[in-house]
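Just run.cif here, mmCIF, C-alpha atoms and all ligand atoms:
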data_upload
loop_
_atom_site.label_atom_id
_atom_site.label_comp_id
_atom_site.auth_asym_id
_atom_site.auth_seq_id
_atom_site.Cartn_x
_atom_site.Cartn_y
_atom_site.Cartn_z
CA MET L 1 216.97 341.44 44.18
CA SER L 2 215.01 342.10 47.41
CA LYS L 3 216.05 344.85 49.85
CA PRO L 4 219.37 343.95 51.52
CA ILE L 5 219.79 343.29 55.23
CA LEU L 6 221.63 346.25 56.71
CA ILE L 7 223.75 345.54 59.79
CA GLY L 8 225.26 348.45 61.73
CA ILE L 9 228.32 347.88 63.89
CA THR L 10 229.42 350.70 66.18
CA GLY L 11 231.53 351.26 69.31
CA GLY L 12 234.40 353.47 70.37
CA THR L 13 237.67 353.77 68.52
CA GLY L 14 239.72 350.58 68.95
CA SER L 15 236.73 348.65 70.28
CA GLY L 16 237.04 346.02 67.54
CA LYS L 17 234.28 347.16 65.12
CA SER L 18 236.30 346.43 61.97
CA THR L 19 237.40 343.08 63.35
CA VAL L 20 233.79 342.08 64.14
CA ALA L 21 232.73 343.22 60.66
CA GLN L 22 235.53 341.16 59.06
CA GLU L 23 234.66 338.06 61.10
CA ILE L 24 230.97 338.25 60.10
CA TYR L 25 232.05 338.86 56.47
CA LYS L 26 234.27 335.74 56.53
CA GLY L 27 231.38 333.65 57.88
CA LEU L 28 229.11 334.36 54.90
CA PRO L 29 229.43 333.72 51.16
CA GLU L 30 231.49 336.51 49.56
CA GLU L 31 228.92 337.09 46.81
CA GLN L 32 226.27 337.91 49.44
CA ILE L 33 227.97 340.50 51.61
CA CYS L 34 229.84 343.82 51.52
CA ILE L 35 231.29 346.19 54.13
CA ILE L 36 230.90 349.97 54.13
CA GLU L 37 233.13 351.89 56.56
CA GLN L 38 231.86 355.21 57.90
CA ASP L 39 235.54 356.30 57.88
CA SER L 40 235.40 356.29 54.06
CA TYR L 41 232.89 359.13 54.32
CA TYR L 42 234.98 361.68 56.23
CA LYS L 43 234.38 365.01 54.48
CA ASP L 44 236.66 366.01 51.66
CA GLN L 45 239.21 368.49 53.10
CA SER L 46 241.18 369.34 49.98
CA HIS L 47 240.56 373.06 50.60
CA LEU L 48 242.56 372.89 53.87
CA SER L 49 246.33 372.68 54.39
CA PHE L 50 247.84 369.54 55.98
CA GLU L 51 248.43 371.48 59.21
CA GLU L 52 244.76 372.52 59.31
CA ARG L 53 243.59 368.96 58.55
CA VAL L 54 245.65 367.62 61.48
CA LYS L 55 243.65 369.91 63.81
CA THR L 56 240.18 368.81 62.58
CA ASN L 57 237.87 367.15 65.11
CA TYR L 58 237.31 363.73 63.52
CA ASP L 59 235.15 362.45 66.36
CA HIS L 60 232.23 364.87 65.89
CA PRO L 61 229.24 363.90 63.72
CA ASP L 62 229.89 366.97 61.53
CA ALA L 63 233.20 365.48 60.36
CA PHE L 64 231.32 363.02 58.16
CA ASP L 65 229.66 363.49 54.78
CA THR L 66 226.52 361.77 56.03
CA GLU L 67 224.51 362.97 53.04
CA LEU L 68 226.78 361.04 50.67
CA LEU L 69 226.79 357.98 52.95
CA LEU L 70 222.98 357.96 53.10
CA SER L 71 222.66 358.33 49.35
CA HIS L 72 225.11 355.45 48.81
CA LEU L 73 223.21 353.23 51.26
CA LYS L 74 219.98 354.04 49.40
CA GLN L 75 221.59 353.25 46.05
CA LEU L 76 222.84 349.89 47.32
CA SER L 77 219.37 349.17 48.77
CA ASP L 78 217.90 349.91 45.34
CA GLY L 79 220.25 347.38 43.75
CA LYS L 80 222.65 349.97 42.27
CA SER L 81 226.44 349.96 42.57
CA ILE L 82 228.31 352.85 44.22
CA ASP L 83 231.75 354.45 43.95
CA LYS L 84 232.89 354.37 47.57
CA PRO L 85 235.42 357.06 48.55
CA ILE L 86 238.85 355.96 49.78
CA TYR L 87 240.14 357.67 52.92
CA ASP L 88 243.84 358.08 53.67
CA PHE L 89 244.50 358.59 57.40
CA GLY L 90 248.13 359.52 56.63
CA ILE L 91 247.07 362.70 54.81
CA HIS L 92 243.77 363.22 56.69
CA ASN L 93 241.83 363.32 53.44
CA ARG L 94 240.08 361.38 50.72
CA VAL L 95 242.12 360.39 47.72
CA LYS L 96 240.90 360.94 44.14
CA GLU L 97 240.33 357.24 43.45
CA THR L 98 237.16 355.41 44.51
CA ILE L 99 236.19 351.74 44.81
CA LYS L 100 233.18 350.29 43.01
CA VAL L 101 230.92 348.40 45.43
CA GLU L 102 228.25 346.18 43.94
CA PRO L 103 224.89 345.75 45.70
CA LYS L 104 224.74 342.66 47.92
CA ASP L 105 222.08 340.87 50.00
CA ILE L 106 223.83 341.80 53.23
CA ILE L 107 225.48 345.16 53.91
CA ILE L 108 227.61 345.78 56.99
CA LEU L 109 228.00 349.44 57.92
CA GLU L 110 230.70 350.04 60.54
CA GLY L 111 231.80 353.23 62.28
CA ILE L 112 232.01 355.21 65.51
CA LEU L 113 229.01 357.46 64.89
CA ILE L 114 226.56 355.52 62.74
CA LEU L 115 223.97 355.27 65.54
CA ALA L 116 224.28 358.99 66.27
CA GLU L 117 222.54 359.72 62.96
CA PRO L 118 218.74 359.16 63.13
CA GLU L 119 218.46 358.72 59.34
CA ILE L 120 221.08 355.96 59.37
CA ARG L 121 219.57 354.32 62.46
CA LYS L 122 216.21 354.07 60.70
CA MET L 123 217.75 352.12 57.83
CA LEU L 124 219.49 349.48 59.98
CA ASP L 125 217.91 346.04 60.50
CA ILE L 126 220.38 344.99 63.20
CA LYS L 127 222.31 347.42 65.42
CA ILE L 128 225.41 346.16 67.22
CA PHE L 129 227.53 348.05 69.79
CA VAL L 130 231.00 346.65 70.41
CA ASP L 131 231.75 347.43 74.04
CA THR L 132 235.39 347.48 75.07
CA ASP L 133 236.93 349.24 78.06
CA ALA L 134 238.58 352.60 77.34
CA ASP L 135 242.02 351.50 78.60
CA VAL L 136 242.05 348.56 76.18
CA ARG L 137 240.83 350.75 73.33
CA ILE L 138 243.54 353.40 73.79
CA VAL L 139 246.28 350.74 73.91
CA ARG L 140 244.96 349.18 70.68
CA ARG L 141 244.67 352.60 69.09
CA ILE L 142 248.24 353.59 69.97
CA GLN L 143 249.57 350.38 68.41
CA ARG L 144 247.39 350.64 65.30
CA ASP L 145 247.82 354.38 64.65
CA ILE L 146 251.62 354.16 64.89
CA LYS L 147 251.76 351.04 62.70
CA GLU L 148 249.05 351.84 60.15
CA ARG L 149 248.08 355.53 60.29
CA LYS L 150 251.48 357.25 60.28
CA ARG L 151 251.12 358.73 63.79
CA THR L 152 253.55 359.30 66.65
CA LEU L 153 252.93 358.20 70.24
CA ASP L 154 252.67 361.85 71.38
CA SER L 155 250.18 362.76 68.64
CA VAL L 156 247.90 359.79 69.46
CA ILE L 157 247.94 360.62 73.18
CA ASP L 158 247.35 364.38 72.64
CA GLN L 159 244.47 363.74 70.23
CA TYR L 160 242.94 361.15 72.56
CA ILE L 161 242.96 363.40 75.64
CA SER L 162 241.86 366.62 73.92
CA ILE L 163 239.31 365.29 71.39
CA VAL L 164 238.69 361.54 71.15
CA ARG L 165 237.82 360.90 74.79
CA PRO L 166 235.42 363.86 75.31
CA MET L 167 233.71 363.23 71.95
CA HIS L 168 233.37 359.53 72.79
CA LEU L 169 231.61 360.38 76.06
CA GLN L 170 229.38 362.97 74.40
CA PHE L 171 228.47 361.25 71.12
CA VAL L 172 229.51 357.57 70.92
CA GLU L 173 228.79 356.08 74.35
CA PRO L 174 225.17 357.43 74.50
CA THR L 175 224.32 355.54 71.27
CA LYS L 176 224.68 352.24 73.11
CA ARG L 177 221.03 352.67 74.09
CA TYR L 178 220.02 352.19 70.44
CA ALA L 179 221.81 348.86 70.07
CA ASP L 180 219.95 345.57 69.68
CA ILE L 181 223.05 343.64 70.69
CA ILE L 182 226.10 344.59 72.76
CA ILE L 183 229.24 342.56 72.07
CA PRO L 184 231.88 342.75 74.80
CA GLU L 185 235.54 342.84 73.68
CA GLY L 186 234.91 342.66 69.95
CA GLY L 187 236.34 340.51 67.22
CA TYR L 188 237.59 337.55 69.16
CA ASN L 189 234.28 337.01 70.96
CA LYS L 190 233.64 333.82 69.01
CA VAL L 191 230.31 333.01 70.68
CA ALA L 192 228.86 336.42 69.77
CA ILE L 193 230.23 336.28 66.20
CA ASP L 194 228.86 332.76 65.61
CA ILE L 195 225.43 333.81 66.91
CA MET L 196 225.46 336.85 64.61
CA ILE L 197 226.44 334.79 61.56
CA ALA L 198 223.69 332.22 62.29
CA LYS L 199 221.11 335.00 62.72
CA VAL L 200 222.08 336.76 59.49
CA LYS L 201 221.97 333.46 57.58
CA GLU L 202 218.50 332.79 59.02
CA ILE L 203 217.18 336.23 57.97
CA ALA L 204 218.76 335.90 54.50
CA ALA L 205 217.19 332.44 54.01
CA SER L 206 213.74 333.58 55.13
CA LYS L 207 213.93 336.55 52.73
CA GLN L 208 214.88 334.23 49.88
CA ASN L 209 211.97 331.88 50.68
CA LYS L 210 209.52 334.80 50.52
CA ASN L 211 210.71 335.76 47.00
N1 LIG L 301 239.48 341.18 70.88
C1 LIG L 301 240.66 341.68 70.52
N2 LIG L 301 241.79 341.37 71.19
C2 LIG L 301 242.97 341.90 70.85
N3 LIG L 301 243.16 342.78 69.83
C3 LIG L 301 242.08 343.12 69.12
C4 LIG L 301 240.77 342.60 69.41
N4 LIG L 301 239.89 343.14 68.54
C5 LIG L 301 240.61 343.95 67.75
N5 LIG L 301 241.92 343.94 68.08
C6 LIG L 301 243.00 344.73 67.48
O1 LIG L 301 242.83 346.08 67.92
C7 LIG L 301 243.02 347.00 66.84
C8 LIG L 301 241.76 347.81 66.63
O2 LIG L 301 240.73 346.92 66.22
P1 LIG L 301 239.68 347.34 65.11
O3 LIG L 301 238.80 346.19 64.83
O4 LIG L 301 240.37 348.01 63.96
O5 LIG L 301 238.87 348.45 65.97
P2 LIG L 301 237.91 349.61 65.52
O6 LIG L 301 237.46 349.31 64.11
O7 LIG L 301 236.77 349.57 66.50
O8 LIG L 301 238.71 350.88 65.64
C9 LIG L 301 243.42 346.16 65.62
O9 LIG L 301 244.81 346.20 65.54
C10 LIG L 301 242.90 344.75 65.96
O10 LIG L 301 243.69 343.75 65.37
N1 LIG L 302 242.15 361.92 59.68
C1 LIG L 302 241.66 361.20 60.70
C2 LIG L 302 240.38 360.68 60.67
C3 LIG L 302 239.93 359.94 61.76
N2 LIG L 302 240.75 359.74 62.82
C4 LIG L 302 240.29 358.95 63.98
O1 LIG L 302 239.74 357.73 63.56
C5 LIG L 302 238.85 357.26 64.57
C6 LIG L 302 237.74 356.43 63.95
O2 LIG L 302 238.26 355.27 63.35
P1 LIG L 302 238.31 353.87 64.16
O3 LIG L 302 238.76 352.91 63.11
O4 LIG L 302 239.31 354.03 65.26
O5 LIG L 302 236.95 353.63 64.68
C7 LIG L 302 238.30 358.49 65.26
O6 LIG L 302 238.37 358.32 66.66
C8 LIG L 302 239.22 359.63 64.79
O7 LIG L 302 239.83 360.30 65.86
C9 LIG L 302 242.01 360.28 62.84
O8 LIG L 302 242.76 360.11 63.83
N3 LIG L 302 242.44 361.00 61.77
#
Encoded form using structure tokens:
Amino acid sequence: MSKPILIGITGGTGSGKSTVAQEIYKGLPEEQICIIEQDSYYKDQSHLSFEERVKTNYDHPDAFDTELLLSHLKQLSDGKSIDKPIYDFGIHNRVKETIKVEPKDIIILEGILILAEPEIRKMLDIKIFVDTDADVRIVRRIQRDIKERKRTLDSVIDQYISIVRPMHLQFVEPTKRYADIIIPEGGYNKVAIDIMIAKVKEIAASKQNKN
């Protein structure tokens, strides 16, 4: 197997990164593509109490186990499978179980701070920034966090004002400059998704022809 194509998808919380990743995934044969979420690589916090874990800043680059993420990306690039951690937002921690991910020709890496890490940036063949206005993102986040991440309205708003927004301005927004492509509005931007799928298919075909 030749080196996989590594596509990075970033953008602020609620911008539509996961949706864009899913749409690209659905447009390609399942046996060719996998998705790695940076969220899966939040540091293990088993040594902290639940109350302490609630207070952690999850929007700072230091919140992630980037060493493990990089080593997993390298393993996949070398044609080896990985045991991807599973993150539970309800308990603010990894669970004991992992998921086996087999190496594929196309790897999508998605997360808020993937372009903030020079070592990750270097590995990416295509860098995408999903650009969605902050008011839309916070509304989406409120709905999603209450429905899927066991949060209350007050907790989402407090966290957003005190941590998420300032960290976004300091660490996420400046990484837009590293993007090859900026997708406005995210996952339902059909034109952008179709162009991405066509481009990835073209690169995958040209790689296959070279082998
Ligand atoms: N273009 C869109 N229009 C409306 N809702 C969207 C759009 N893109 C994503 N969503 C919804 O917004 C929420 C956050 O999207 P998601 O893709 O998980 O964002 P991210 O991964 O950037 O945090 C999800 O509930 C998703 O269904
Ligand atoms: N225990 C945690 C861990 C992370 N978060 C928030 O998740 C956001 C990143 O995920 P997206 O899917 O929204 O990109 C990030 O902004 C963290 O604040 C959390 O709330 N709790």
For Lys84 of chain L, the nearest of the candidates L:Gln38, L:Ser49, L:Thr175, L:Ser18, counting only C-alpha atoms: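 Smallest distance to Lys84 of chain L is found for L:Gln38.
Nearest to Asp88 of chain L of all the residues L:Ser40, L:Ser15, L:Ser2, L:Gln208 is L:Ser40, counting all atoms listed in the file.
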Taking a cut-off of 6 Å and counting all atoms listed in the file, can you build a table that, for each residue of chain L near ligand LIG 302 (chain L), reports the nearest atom pair and how far apart they are in Å (one decimal), sorted by chain then residue number, as a Markdown table?
| residue | atom | partner | partner_atom | distance |
| --- | --- | --- | --- | --- |
| L:Thr13 | CA | L:LIG302 | O4 | 3.7 |
| L:Gly14 | CA | L:LIG302 | O4 | 5.1 |
| L:Tyr58 | CA | L:LIG302 | C8 | 4.7 |
| L:Asp59 | CA | L:LIG302 | O7 | 5.2 |
| L:Phe89 | CA | L:LIG302 | N1 | 4.7 |
| L:His92 | CA | L:LIG302 | N1 | 3.6 |
| L:Gly111 | CA | L:LIG302 | O5 | 5.7 |
| L:Ile112 | CA | L:LIG302 | O5 | 5.3 |
| L:Val164 | CA | L:LIG302 | O6 | 5.5 |
Could the centre and edge lengths of an axis-aligned box, enclosing all atoms of segment 59-75 of chain L in the file with 8 Å extra on each side, be given in Å to one decimal as JSON?
{"center_x": 227.6, "center_y": 360.1, "center_z": 56.2, "size_x": 31.2, "size_y": 29.7, "size_z": 36.3}
Contacts to ligand LIG 301 (chain L) at 8 Å cut-off (only C-alpha atoms and all ligand atoms) as an mmCIF file with C-alpha atoms, in the coordinates of the input:
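pocket_15.cif was written with the following content:
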data_model
loop_
_atom_site.group_PDB
_atom_site.id
_atom_site.type_symbol
_atom_site.label_atom_id
_atom_site.label_comp_id
_atom_site.auth_asym_id
_atom_site.auth_seq_id
_atom_site.Cartn_x
_atom_site.Cartn_y
_atom_site.Cartn_z
ATOM 1 C CA THR L 10 229.420 350.700 66.180
ATOM 2 C CA GLY L 11 231.530 351.260 69.310
ATOM 3 C CA GLY L 12 234.400 353.470 70.370
ATOM 4 C CA THR L 13 237.670 353.770 68.520
ATOM 5 C CA GLY L 14 239.720 350.580 68.950
ATOM 6 C CA SER L 15 236.730 348.650 70.280
ATOM 7 C CA GLY L 16 237.040 346.020 67.540
ATOM 8 C CA LYS L 17 234.280 347.160 65.120
ATOM 9 C CA SER L 18 236.300 346.430 61.970
ATOM 10 C CA THR L 19 237.400 343.080 63.350
ATOM 11 C CA VAL L 20 233.790 342.080 64.140
ATOM 12 C CA ALA L 21 232.730 343.220 60.660
ATOM 13 C CA GLU L 110 230.700 350.040 60.540
ATOM 14 C CA GLY L 111 231.800 353.230 62.280
ATOM 15 C CA ILE L 112 232.010 355.210 65.510
ATOM 16 C CA VAL L 130 231.000 346.650 70.410
ATOM 17 C CA ARG L 137 240.830 350.750 73.330
ATOM 18 C CA ARG L 140 244.960 349.180 70.680
ATOM 19 C CA ARG L 141 244.670 352.600 69.090
ATOM 20 C CA GLN L 143 249.570 350.380 68.410
ATOM 21 C CA ARG L 144 247.390 350.640 65.300
ATOM 22 C CA GLU L 185 235.540 342.840 73.680
ATOM 23 C CA GLY L 186 234.910 342.660 69.950
ATOM 24 C CA GLY L 187 236.340 340.510 67.220
ATOM 25 C CA TYR L 188 237.590 337.550 69.160
ATOM 26 C CA ASN L 189 234.280 337.010 70.960
#
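The space separating atom CA of Ala63 of chain L from atom CA of Tyr42 of chain L comes to 5.9 Å.
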Interatomic distance, atom CA of Glu102 of chain L to atom CA of Met1 of chain L (Å, one decimal):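 Separation between atom CA of Glu102 of chain L and atom CA of Met1 of chain L: 12.2 Å.
Those residues that approach Ile5 of chain L to within 10 Å, counting only C-alpha atoms, are Ile33, Ser77, Lys104, Asp105, Ile106, Ile107, Ile108, Met123, Leu124, Asp125, Ile126, Val200, Ile203, Ala204 and Lys207 of chain L; same-chain residues fewer than 6 positions away are not listed.
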